[in-house]
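*Asks:* What follows is the file work.cif, containing mmCIF, C-alpha atoms:
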data_protein
#
loop_
_atom_site.label_atom_id
_atom_site.label_comp_id
_atom_site.auth_asym_id
_atom_site.auth_seq_id
_atom_site.Cartn_x
_atom_site.Cartn_y
_atom_site.Cartn_z
CA MET X 32 91.41 136.20 41.24
CA THR X 33 94.60 137.41 42.86
CA ARG X 34 93.71 141.03 42.12
CA MET X 35 90.28 140.54 43.66
CA LYS X 36 91.82 139.10 46.83
CA LEU X 37 94.25 142.00 47.07
CA ALA X 38 91.44 144.51 46.56
CA ALA X 39 89.33 142.82 49.25
CA ALA X 40 92.27 142.79 51.66
CA ALA X 41 92.92 146.49 51.01
CA ALA X 42 89.25 147.30 51.61
CA LEU X 43 89.21 145.37 54.88
CA SER X 44 92.41 147.08 56.00
CA SER X 45 90.94 150.51 55.22
CA LEU X 46 87.76 149.62 57.11
CA ALA X 47 89.78 148.44 60.11
CA LEU X 48 91.74 151.70 60.15
CA LEU X 49 88.59 153.76 59.93
CA THR X 50 86.81 151.86 62.69
CA GLY X 51 89.99 151.90 64.77
CA CYS X 52 90.00 155.68 64.75
CA ALA X 53 86.43 155.81 66.03
CA THR X 54 87.38 154.88 69.59
CA PRO X 55 85.59 156.24 72.68
CA LEU X 56 88.63 158.44 73.46
CA ALA X 57 89.23 159.77 69.95
CA GLY X 58 89.08 163.57 69.73
CA LYS X 59 88.63 164.07 73.47
CA THR X 60 90.64 166.48 75.60
CA PRO X 61 92.81 164.92 78.34
CA ASP X 62 90.28 165.65 81.10
CA GLU X 63 87.38 164.33 79.01
CA ALA X 64 89.33 161.17 78.18
CA THR X 65 90.17 160.62 81.85
CA ARG X 66 86.52 161.04 82.85
CA LYS X 67 85.49 158.59 80.14
CA VAL X 68 87.97 155.94 81.32
CA MET X 69 86.93 156.31 84.97
CA LEU X 70 83.23 156.15 84.11
CA GLN X 71 83.67 153.11 81.89
CA ASN X 72 85.65 151.37 84.62
CA TRP X 73 82.80 151.92 87.07
CA GLN X 74 80.02 151.00 84.65
CA ASN X 75 81.85 147.79 83.65
CA ALA X 76 82.79 146.92 87.23
CA SER X 77 83.49 143.27 86.52
CA TYR X 78 87.20 142.40 86.52
CA ASN X 79 90.21 141.15 88.46
CA PHE X 80 92.78 143.45 90.00
CA ASP X 81 96.27 143.22 91.49
CA ALA X 82 97.66 146.08 93.54
CA GLN X 83 100.92 146.91 95.29
CA ILE X 84 101.24 149.67 97.89
CA GLY X 85 104.46 150.75 99.56
CA PHE X 86 107.02 153.43 100.31
CA ASP X 87 110.09 154.51 98.34
CA LYS X 88 111.10 156.92 101.09
CA LEU X 89 109.95 157.77 104.61
CA VAL X 90 111.78 160.46 106.58
CA PHE X 91 110.85 162.14 109.86
CA THR X 92 111.78 165.81 109.73
CA ASP X 93 110.73 167.09 113.17
CA ARG X 94 114.07 167.98 114.77
CA ASP X 95 112.55 167.91 118.26
CA SER X 96 111.49 164.28 117.83
CA LYS X 97 113.73 161.33 118.62
CA LEU X 98 112.46 159.77 115.40
CA ALA X 99 114.48 162.36 113.48
CA GLN X 100 117.80 161.26 114.99
CA PRO X 101 120.01 159.88 112.19
CA ASP X 102 120.23 156.27 113.33
CA ILE X 103 116.54 155.97 114.21
CA ALA X 104 115.47 157.87 111.08
CA ASP X 105 117.51 155.53 108.88
CA THR X 106 115.99 152.47 110.54
CA ILE X 107 112.47 153.83 110.02
CA ASP X 108 113.23 154.55 106.38
CA GLN X 109 114.58 151.01 105.87
CA VAL X 110 111.56 149.46 107.56
CA GLY X 111 109.21 151.62 105.49
CA ARG X 112 110.87 150.49 102.28
CA ALA X 113 110.71 146.83 103.38
CA VAL X 114 106.96 146.88 104.11
CA ARG X 115 104.60 146.36 101.21
CA VAL X 116 100.89 145.58 100.90
CA ASN X 117 99.78 143.39 98.01
CA VAL X 118 96.08 143.12 97.27
CA SER X 119 94.65 140.75 94.68
CA GLY X 120 90.97 140.31 94.10
CA ALA X 121 87.91 140.29 91.89
CA VAL X 122 84.94 142.61 91.44
CA ASP X 123 81.58 141.42 90.16
CA ALA X 124 79.35 144.42 90.79
CA PRO X 125 76.34 143.18 88.76
CA ASN X 126 76.08 140.20 91.11
CA GLY X 127 77.06 142.16 94.22
CA ARG X 128 80.23 140.27 95.06
CA VAL X 129 83.75 141.50 95.82
CA GLU X 130 86.79 139.46 96.78
CA ALA X 131 89.99 140.94 98.20
CA ILE X 132 93.07 139.11 99.44
CA PRO X 133 95.34 141.63 101.17
CA GLU X 134 98.83 140.48 102.06
CA LEU X 135 101.14 142.43 104.36
CA ARG X 136 104.77 141.66 103.53
CA PHE X 137 108.01 142.57 105.26
CA GLU X 138 110.89 141.67 102.98
CA ARG X 139 114.63 142.16 103.10
CA ARG X 140 117.46 140.25 101.50
CA ASN X 141 117.46 137.39 104.00
CA LEU X 142 114.13 137.96 105.70
CA LEU X 143 110.55 137.45 104.64
CA ALA X 144 107.42 137.67 106.78
CA SER X 145 103.88 137.91 105.48
CA ILE X 146 100.27 137.53 106.47
CA LYS X 147 97.17 137.13 104.29
CA VAL X 148 93.54 137.68 105.23
CA PRO X 149 91.18 136.65 102.39
CA LEU X 150 87.88 138.55 102.38
CA GLN X 151 84.62 138.46 100.47
CA PHE X 152 81.75 140.95 100.57
CA HIS X 153 78.26 139.95 99.48
CA ALA X 154 75.92 142.86 98.88
CA GLN X 155 72.73 140.77 98.85
CA ASP X 156 72.79 140.20 102.59
CA MET X 157 75.41 142.83 103.52
CA SER X 158 77.78 140.18 104.81
CA LEU X 159 81.55 140.08 105.17
CA LEU X 160 83.31 136.72 105.02
CA VAL X 161 86.80 136.30 106.46
CA ASP X 162 89.27 133.43 106.38
CA PRO X 163 90.51 133.44 110.01
CA SER X 164 93.34 130.93 109.64
CA ALA X 165 95.95 133.68 110.10
CA VAL X 166 94.77 134.30 113.68
CA ASP X 167 93.27 130.99 114.81
CA LEU X 168 96.38 130.27 116.89
CA PHE X 169 95.00 132.80 119.36
CA LEU X 170 91.39 131.58 119.15
CA PRO X 171 91.20 127.80 119.63
CA SER X 172 87.47 127.77 118.83
CA LEU X 173 88.28 128.89 115.28
CA ARG X 174 90.51 125.87 114.75
CA LYS X 175 87.43 123.68 115.21
CA GLN X 176 86.13 125.35 112.03
CA SER X 177 89.33 124.75 110.09
CA GLY X 178 89.07 125.71 106.45
CA LYS X 179 85.81 127.62 106.87
CA PHE X 180 85.16 131.32 106.41
CA ILE X 181 83.59 133.28 109.25
CA ARG X 182 80.54 135.32 108.20
CA ALA X 183 79.41 138.52 109.89
CA LYS X 184 76.24 140.29 108.78
CA LEU X 185 74.98 143.77 109.43
CA PRO X 186 71.79 143.75 111.50
CA ALA X 187 68.75 143.91 109.21
CA GLU X 188 67.65 147.24 110.66
CA MET X 189 71.04 148.82 109.98
CA ALA X 190 71.37 147.23 106.53
CA SER X 191 68.00 148.64 105.51
CA GLN X 192 69.33 152.15 106.15
CA ILE X 193 72.14 151.76 103.60
CA PRO X 194 70.78 152.30 100.05
CA LEU X 195 73.68 150.46 98.45
CA LYS X 196 71.95 149.89 95.10
CA ALA X 197 70.91 153.53 94.75
CA MET X 198 74.40 154.76 95.62
CA TYR X 199 75.97 152.36 93.12
CA GLN X 200 73.63 153.55 90.36
CA ALA X 201 74.35 157.18 91.19
CA MET X 202 78.14 156.81 91.16
CA PRO X 203 78.71 157.41 87.41
CA LYS X 204 77.19 160.89 87.62
CA ILE X 205 78.91 161.58 90.95
CA ILE X 206 82.30 160.62 89.50
CA ASP X 207 81.76 162.61 86.32
CA ASP X 208 80.62 165.73 88.19
CA ALA X 209 83.58 165.56 90.56
CA TYR X 210 86.20 165.19 87.82
CA ALA X 211 84.49 167.89 85.76
CA GLN X 212 85.17 170.39 88.56
CA ALA X 213 88.90 169.60 88.67
CA ASP X 214 91.43 171.94 87.07
CA LYS X 215 91.71 171.07 83.36
CA GLN X 216 95.45 171.80 83.51
CA ALA X 217 95.89 168.83 85.84
CA PHE X 218 95.23 166.38 82.96
CA SER X 219 97.48 165.53 80.03
CA PHE X 220 98.21 162.90 77.40
CA GLN X 221 101.60 161.22 77.81
CA PRO X 222 103.80 159.32 75.33
CA LEU X 223 103.44 155.56 75.53
CA ASP X 224 106.24 153.87 77.48
CA ALA X 225 107.58 150.33 77.86
CA TYR X 226 104.94 149.46 80.47
CA ALA X 227 102.18 150.51 78.07
CA GLY X 228 103.60 148.09 75.51
CA GLU X 229 103.80 145.35 78.14
CA ILE X 230 100.09 145.56 79.00
CA GLY X 231 98.83 146.49 75.53
CA ALA X 232 97.71 150.04 76.36
CA HIS X 233 96.91 152.48 73.54
CA TYR X 234 96.60 155.55 75.75
CA LYS X 235 98.53 156.95 78.66
CA LEU X 236 96.87 159.77 80.58
CA ARG X 237 98.31 161.69 83.51
CA MET X 238 96.44 163.37 86.34
CA ASP X 239 98.60 165.61 88.54
CA LEU X 240 96.71 166.85 91.60
CA SER X 241 97.81 168.83 94.63
CA ARG X 242 96.72 167.71 98.07
CA GLU X 243 94.03 170.40 98.11
CA GLN X 244 92.69 169.43 94.67
CA GLU X 245 92.59 165.75 95.60
CA GLN X 246 90.82 166.56 98.86
CA LYS X 247 88.15 168.60 97.05
CA LEU X 248 87.61 165.72 94.61
CA THR X 249 87.09 163.25 97.45
CA LEU X 250 84.82 165.56 99.42
CA GLN X 251 82.62 166.21 96.39
CA MET X 252 82.15 162.48 95.77
CA LEU X 253 81.31 161.89 99.43
CA ASP X 254 78.84 164.76 99.33
CA GLY X 255 77.14 163.21 96.30
CA LEU X 256 76.82 159.86 98.10
CA ALA X 257 75.45 161.57 101.22
CA LYS X 258 72.76 163.29 99.15
CA VAL X 259 71.71 159.96 97.63
CA ALA X 260 71.55 158.40 101.09
CA ARG X 261 69.40 161.30 102.34
CA GLU X 262 67.02 161.05 99.38
CA GLN X 263 66.59 157.32 99.91
CA ALA X 264 66.17 157.51 103.68
CA LYS X 265 62.78 156.48 105.02
CA GLN X 266 63.15 159.07 107.76
CA PRO X 267 65.06 162.08 106.36
CA ASP X 268 65.69 163.47 109.83
CA ASP X 269 67.30 160.25 111.04
CA LYS X 270 71.09 160.74 111.13
CA SER X 271 71.97 157.23 112.26
CA GLY X 272 72.05 155.66 108.79
CA ALA X 273 74.31 155.75 105.76
CA GLU X 274 74.35 159.54 105.52
CA ALA X 275 75.72 159.84 109.05
CA MET X 276 78.54 157.41 108.23
CA ILE X 277 79.42 159.27 105.04
CA ARG X 278 79.38 162.61 106.85
CA LEU X 279 81.74 161.12 109.42
CA VAL X 280 84.19 160.20 106.67
CA GLN X 281 83.84 163.71 105.27
CA SER X 282 84.71 165.22 108.62
CA LEU X 283 87.79 163.00 108.88
CA VAL X 284 88.93 164.12 105.44
CA LYS X 285 88.38 167.76 106.40
CA LEU X 286 90.17 167.31 109.71
CA ASP X 287 93.21 165.87 107.98
CA PRO X 288 95.93 168.50 108.42
CA ALA X 289 96.73 170.29 105.19
CA SER X 290 100.12 169.41 103.81
CA GLY X 291 102.39 171.84 102.07
CA ASP X 292 102.12 172.83 98.45
CA LYS X 293 104.73 170.19 97.60
CA SER X 294 102.36 167.32 98.46
CA ARG X 295 101.04 165.86 95.22
CA THR X 296 99.61 162.72 93.70
CA VAL X 297 100.62 161.94 90.12
CA SER X 298 98.46 159.24 88.55
CA ASP X 299 99.35 157.57 85.26
CA ILE X 300 96.27 155.99 83.69
CA TYR X 301 96.77 153.29 81.05
CA ALA X 302 93.76 152.59 78.84
CA SER X 303 92.95 150.26 75.98
CA ARG X 304 91.82 151.44 72.54
CA GLY X 305 88.25 150.86 73.68
CA GLY X 306 88.69 152.98 76.82
CA ASP X 307 89.06 150.18 79.39
CA LEU X 308 91.27 150.98 82.35
CA LEU X 309 94.20 148.56 82.16
CA ALA X 310 96.43 149.96 84.90
CA LEU X 311 96.76 152.82 87.35
CA ARG X 312 100.21 153.80 88.66
CA GLN X 313 100.41 156.50 91.30
CA LYS X 314 103.29 158.36 92.88
CA VAL X 315 102.29 160.09 96.10
CA HIS X 316 104.59 162.68 97.65
CA VAL X 317 103.66 163.87 101.14
CA GLU X 318 105.17 166.89 102.90
CA ALA X 319 104.04 167.34 106.50
CA PRO X 320 105.57 169.21 109.44
CA GLU X 321 106.58 165.92 111.07
CA PHE X 322 107.64 163.79 108.10
CA SER X 323 107.95 163.52 104.35
CA GLY X 324 107.62 160.47 102.18
CA ASP X 325 107.25 159.03 98.71
CA ALA X 326 104.67 156.26 98.32
CA TYR X 327 103.46 154.31 95.33
CA VAL X 328 100.19 152.60 94.40
CA ASN X 329 100.19 150.32 91.37
CA VAL X 330 97.01 148.59 90.19
CA ARG X 331 96.62 146.23 87.22
CA TYR X 332 93.18 145.28 85.84
CA SER X 333 92.37 142.13 83.88
CA HIS X 334 89.64 139.62 82.91
CA TYR X 335 87.11 142.32 82.05
CA GLY X 336 83.62 140.86 82.03
CA LYS X 337 84.81 137.51 83.39
CA PRO X 338 86.30 138.00 86.87
CA GLN X 339 87.91 134.93 88.40
CA PHE X 340 87.31 134.36 92.11
CA VAL X 341 89.81 132.34 94.10
CA TYR X 342 87.19 131.16 96.59
CA GLN X 343 83.87 129.71 95.40
CA LEU X 344 82.08 129.44 98.73
CA SER X 345 78.98 127.44 99.54
CA GLU X 346 77.05 127.35 102.84
CA ASN X 347 79.12 124.31 103.85
CA ASP X 348 82.24 126.48 103.68
CA ILE X 349 80.83 129.18 105.99
CA VAL X 350 80.07 129.47 109.69
CA ASP X 351 78.25 132.47 111.15
CA PHE X 352 80.10 134.52 113.74
CA ASP X 353 77.29 134.29 116.29
CA LYS X 354 77.43 130.47 116.11
CA LEU X 355 81.04 130.31 117.26
CA ASP X 356 82.01 129.21 120.74
CA MET X 357 84.05 132.24 121.74
CA PRO X 358 86.39 132.43 124.76
CA ASP X 359 85.22 134.20 127.91
CA TRP X 360 87.40 137.24 127.32
CA LEU X 361 85.60 137.87 124.02
CA LYS X 362 82.15 137.15 125.44
CA ASP X 363 82.61 139.96 127.95
CA THR X 364 83.26 142.52 125.22
CA ASP X 365 79.53 143.03 124.70
CA LYS X 366 79.49 144.87 128.00
CA LEU X 367 81.55 147.58 126.34
CA LEU X 368 78.86 148.25 123.75
CA PRO X 369 76.20 150.94 124.30
CA GLY X 370 72.76 149.71 125.26
CA GLU X 371 71.35 147.78 128.15
CA HIS X 372 74.80 146.72 129.35
CA ALA X 373 75.94 150.32 129.50
CA GLU X 374 72.79 151.48 131.25
CA ALA X 375 72.91 148.80 133.95
CA PRO X 376 76.08 150.10 135.67
CA ALA X 377 74.69 153.64 135.54
CA ALA X 378 71.42 152.49 137.11
CA ALA X 379 73.30 150.55 139.77
CA ALA X 380 75.45 153.58 140.53
CA ALA X 381 72.36 155.76 140.86
CA ALA X 382 70.63 153.24 143.13
CA GLU X 383 73.64 152.81 145.41
CA PRO X 384 73.41 156.21 147.18
CA GLN X 385 69.68 155.63 147.77
CA ALA X 386 70.36 152.23 149.29
CA GLN X 387 73.00 153.72 151.54
CA ALA X 388 70.62 156.46 152.65
CA ALA X 389 67.96 153.87 153.51
CA GLN X 390 70.30 151.90 155.79
CA PRO X 391 70.11 152.55 159.55
CA GLN X 392 72.77 154.80 160.95
CA THR X 393 73.53 152.66 164.01
CA LYS X 394 76.81 151.30 162.72
CA PRO X 395 78.33 154.71 161.97
CA LYS X 396 77.36 155.87 165.47
CA LYS X 397 79.08 152.87 167.01
CA LYS X 398 82.20 153.67 165.02
CA ARG X 399 82.17 157.25 166.29
CA LYS X 400 81.84 156.05 169.89
CA ALA X 401 84.68 153.67 169.36
CA ARG X 402 86.85 156.44 168.02
CA ARG X 403 86.03 158.65 171.05
CA ALA X 404 86.88 155.80 173.36
CA GLN X 405 90.25 155.51 171.75
#
Let me see the file written as structure tokens.

*Replies:*
Amino acid sequence: MTRMKLAAAAALSSLALLTGCATPLAGKTPDEATRKVMLQNWQNASYNFDAQIGFDKLVFTDRDSKLAQPDIADTIDQVGRAVRVNVSGAVDAPNGRVEAIPELRFERRNLLASIKVPLQFHAQDMSLLVDPSAVDLFLPSLRKQSGKFIRAKLPAEMASQIPLKAMYQAMPKIIDDAYAQADKQAFSFQPLDAYAGEIGAHYKLRMDLSREQEQKLTLQMLDGLAKVAREQAKQPDDKSGAEAMIRLVQSLVKLDPASGDKSRTVSDIYASRGGDLLALRQKVHVEAPEFSGDAYVNVRYSHYGKPQFVYQLSENDIVDFDKLDMPDWLKDTDKLLPGEHAEAPAAAAAAEPQAQAAQPQTKPKKKRKARRAQ
């Protein structure tokens, strides 16, 4: 009996080893493995995340600028190091819900200041929900809705021009095509480190991209999204919808001044045996004519398939933005928007010269006589 148990245990162990080798990343080149991890992360977009963003160094190098003076430059560097953005949240793409809780922190040895603004996005009605408690000191009407989220929705006409579902479904191919065009030499397998052991990662991949390579990657993804938006548009010639917004982002990326060859982003990608993205740790070095800096972006993923939302909101927890009693100084802001309000002043200005021309000229004549009398 003992021999049979030992034989069964050995067989199970052998089977486990064999199946363990047949992982989604087994036998793939570094670039193929990276593409697989990124695709799987998008296709299984249901998880929690925690991110930290900050600076390790920030130096102004323009000698003609006062910001480059030693005392001021040191202060800026210290402030840059003390500022950090933490973002925790949850993604549930199948149900069209995203939660993000960004926190801006300023922290030194004996000083701590922070502000949080919890957000939720619901794709079903294209609405953004915001917890306004961080700013309700300045808006007394918000304090009347204490504890409630403020909801703002895109107008139905505008929302209908954004093919969100089609763009989401197209993203796997867009991502894969973009990474496939990147330089294969930019990808590599790395030895596992202590952090990999801490999070249970079985793979560590590195992606080392120059500023130009990273820019091309971003532009190609944006171009793919723009094509999807154009194909889904009811009126292909209409440039006021999603495609126009994406093209605007593209132009901003293109207009971004090119940094030197020393600007790079090194991304360490930690993946599980099954190819799930467990963590992403980036080191970003920027070299510009005015300044140089070292930034970091660290993201940890968890609760795959079962994201945990901090806020479970019902209609009783929400008030629509247009139902708020806003102060007068905010009510007047609609006059700054294009439309009827913008056309009214123009029409009034055009009518004013005509009205003046229609008035009798008796008063000006009297003024001239008065001046002659003087």

*Asks:* CA of Asp353 (chain X) to CA of Ile181 (chain X): how many Å, to one decimal?

*Replies:*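 One can read the CA of Asp353 (chain X) to CA of Ile181 (chain X) distance as 9.5 Å.
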
*Asks:* Would you mind reading off the distance between CA of Glu346 (chain X) and CA of Pro171 (chain X), one decimal, in Å?

*Replies:* 22.0 Å

*Asks:* Could you give me, as a ChimeraX atom specification, the residues within 9 Å of region 60-67 of chain X, counting all atoms listed in the file and dropping anything in the same chain fewer than 2 positions from it?

*Replies:* /X:55-58,69-72,206-207,210-211,213-220,236-238,300,306

*Asks:* For the structure provided, state which residues fall under the PyMOL selection byres ((chain X and resi 125) around 12), and present them as a ChimeraX atom specification.

*Replies:* /X:73-78,122-124,126-129,153-155,196,199-200,336-338

*Asks:* Mind checking which residues fall within 10 Å of Glu274 (chain X), counting all atoms listed in the file, ignoring those fewer than 6 positions away in the same chain, and posting them as a list in words?

*Replies:*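 Skipping anything fewer than 6 positions along the chain leaves Gln192, Ile193, Pro194, Leu253, Asp254, Leu256, Ala257, Lys258, Val259, Ala260, Arg261, Glu262, Gln263, Ala264, Pro267 and Val280 of chain X.
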
*Asks:* When the PyMOL selection byres ((chain X and resi 244) around 10) is applied to the structure above, which residues does it catch, written out as a list in words?

*Replies:* Gln212, Ala213, Asp214, Ala217, Asp239, Leu240, Ser241, Arg242, Glu243, Glu245, Gln246, Lys247, Leu248, Thr249, Leu250, Arg295 and Thr296 of chain X

*Asks:* Please check which residues have atoms at most 9 Å from (105.2, 166.3, 107.4) in the file's coordinates, counting only C-alpha atoms, and write them as a ChimeraX atom specification.

*Replies:* /X:90-93,290-291,317-324

*Asks:* Between X:Ala201, X:Ala273, X:Leu355, X:Ala209, which one has atoms that come closest to Leu170 (chain X), using all atoms listed in the file?

*Replies:* X:Leu355

*Asks:* When you draw a straight line from CA of Gly228 (chain X) to CA of Val68 (chain X), how long is it in Å?

*Replies:* 18.4 Å

*Asks:* What would the list of residues within 9 Å of (96.5, 142.5, 103.9) (file frame) look like as a PyMOL selection string, if only C-alpha atoms are what count?

*Replies:* chain X and resi 116-118+131-136+145-149
